[in-house]
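Take a look at the structure below.
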Amino acid sequence: MLAIERFFPSWREFRVHESSPCGRGASVKLRKGCREYIGSHFFPDIPPGQTHASGWRCENLEAMSFPNESFDMVVTQDVMEHIFDPAKAFAEIARTLKPGGSHIFTVPIVRKEKESQVRALRDRNGNVVHLLPENYHGNPIDANGSLVTIDWGYDIVPFIETHSGLLTTLVYFDDLAHGIRAELIEVLISRKLPAYSKLKA
């Protein structure tokens, strides 16, 4: 939230999509403060675009139902390490961003300068294949947690550009005035530059 407020002071006027919001922190502030906010989770039992009984919209980041150029900002907090096809997900996020829009997100950069490592993938039949021991993180809608599919390194930055055209800046806050000092606190800001959008058209 500190990154959003510093780099996007007019965020309250934005049309925002947050994937997998939680019930605290930035998710609550965005939901209350944004003029147009849409929160979504992935529910495998209902079609994308429909509203789940919980009140959240169903969306799959790898194949979203939103029209092109729908949002000024997309927010994901510790989501991109759980995606089976991150190339598709980043491309979809770029597709749904307006020219000049941004994807603001956190993801654990556990590999640092080492190459990112795939932990799990799907085979051609959709079955999960584990390449490394299973690892799960908390999930706001599933008590069983979310499987970690990839351990990211700093090479996530060129990966995003290669697969989506978004240009990414990695921001690191070490700010005790805001109570921030820990490992894995990088914030990534990926921008859809208007010039790139014109070239793609």
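Letters A, B, ... mark the chains of the structure tokens in the order given; residue numbers begin at 1 per chain; ligand numbers begin at 1, in order shown.
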
Excluding range 35-45 of chain A and any residue of its chain fewer than 4 positions from it, enumerate the residues within 6 Å of it, using only C-alpha atoms, and give them as a list in words.
Arg12, Glu13, Arg15, Val16, His17, Glu18, Ser19, Ser20, Arg31, Trp56, Arg57, Cys58, Glu59 and Asn60 of chain A

Deliver the residues from the most recent selection as a file, using C-alpha atoms, as a PDB file, in the first residue's frame.
```
ATOM      1  CA  ARG A  12      -8.766   6.310  -5.457  1.00  0.00           C
ATOM      2  CA  GLU A  13      -9.897   7.417  -8.912  1.00  0.00           C
ATOM      3  CA  ARG A  15     -10.563   1.247 -11.850  1.00  0.00           C
ATOM      4  CA  VAL A  16      -8.816  -1.577  -9.982  1.00  0.00           C
ATOM      5  CA  HIS A  17      -8.874  -5.355 -10.187  1.00  0.00           C
ATOM      6  CA  GLU A  18      -7.388  -7.184  -7.223  1.00  0.00           C
ATOM      7  CA  SER A  19      -6.886 -10.920  -7.579  1.00  0.00           C
ATOM      8  CA  SER A  20      -7.145 -12.991  -4.385  1.00  0.00           C
ATOM      9  CA  ARG A  31     -11.895  -1.953  -1.544  1.00  0.00           C
ATOM     10  CA  TRP A  56     -16.393 -12.508  -4.899  1.00  0.00           C
ATOM     11  CA  ARG A  57     -16.185 -12.643  -8.678  1.00  0.00           C
ATOM     12  CA  CYS A  58     -14.631 -15.787 -10.150  1.00  0.00           C
ATOM     13  CA  GLU A  59     -11.588 -15.173 -12.352  1.00  0.00           C
ATOM     14  CA  ASN A  60      -8.686 -17.337 -13.489  1.00  0.00           C
TER      15      ASN A  60
END
```

Using 7 Å as the limit and counting only C-alpha atoms, can you tabulate each residue of range 65-106 of chain A that touches range 189-192 of chain A, with its shortest atom-to-atom distance in Å and the two atoms involved, as CSV?
```
residue,atom,partner,partner_atom,distance
A:Ala94,CA,A:Lys192,CA,6.7
A:Pro99,CA,A:Lys192,CA,5.6
A:Gly100,CA,A:Lys192,CA,5.1
A:Gly101,CA,A:Lys192,CA,5.4
A:Ser102,CA,A:Arg191,CA,4.4
A:His103,CA,A:Ser190,CA,5.0
A:Ile104,CA,A:Ile189,CA,4.7
A:Phe105,CA,A:Ile189,CA,6.6
```

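What separates CA of Phe8 in chain A from CA of Pro158 in chain A is a distance of 23.1 Å.
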
Would you mind telling me which residue in A:Ile93, A:Phe14, A:Leu166, A:Trp152 lies nearest to Arg119 in chain A when using only C-alpha atoms?
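Using only C-alpha atoms, the shortest distance to Arg119 in chain A belongs to A:Trp152.
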
Compare A:Thr149, A:Pro194, A:Val187, A:Gly25 by their minimum atom-to-atom distance to Leu132 in chain A, counting only C-alpha atoms, and give me the closest one.
A:Thr149

Separation of CA of Ile83 in chain A from CA of Lys98 in chain A in Å
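Those two atoms sit 22.8 Å apart.
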
Return as an NGL selection string the full set of residues in range 36-158 of chain A whose backbone-based DSSP assignment is helix (DSSP H, G or I).
:A and (80-82 or 86-96 or 156-158)
